[in-house]
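Q: Encoded as C-alpha cells, here's the structure I'll be asking about.
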Amino acid sequence: MKSFAVLLASLAIAAGAHAAGAHSATLVVSNMTCATCPIAVRKALERVPGVESAKVDFTTKLAVVTFDPTKAKPEALVKATADAGFPSTVKQAQ
C-alpha cells in the first residue's frame with residue numbers, strides 16, 4: 001500500500017510539473033531484482049540532461065520521470081536505463 005501511495009504522489013508531482021511546461025514519462029523497467037536496483041535506475045535517469053526528477057518504484061517496476069522536453073526525449077530515458085542494465089519501455093508520455 002505504501003508503494004502505491006508513493007506512486008500516486010509521484011504522478012501528482014509529474015502532473016504539476018507538466019502544467020508548468022515540463023513533460024513526464026512513465027517507464028516500465030525490467031531487471032530490477034532487489035530493493036537497491038531503483039537507486040541505480042534513478043541515478044541513471046537523473047544523469048540525462050534535462051531530467052528534473054525521477055521516482056522509481058521497485059514493487060510496481062515503474063519509473064516516473066519529469067523532464068524538459070527541449071533537452072530530453074523519452075528515447076534518451078529508455079537508453080539511460082538500458083545502459084545501466086535495466087531495459088525499459090515507455091508506458092505513457094505527456
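In the C-alpha cells, the first chain shown is A, the next is B, and so on; residue numbers restart at 1 for each chain, and ligands run from 1 in the order shown.
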Which residues are near range 61-77 of chain A? Cut-off 10 Å, only C-alpha atoms, ignore same chain within fewer than 5 positions. Put them as a ChimeraX atom specification.

A: /A:7,10-11,13-18,21-33,38,41-42,44-56,82-83,88-94
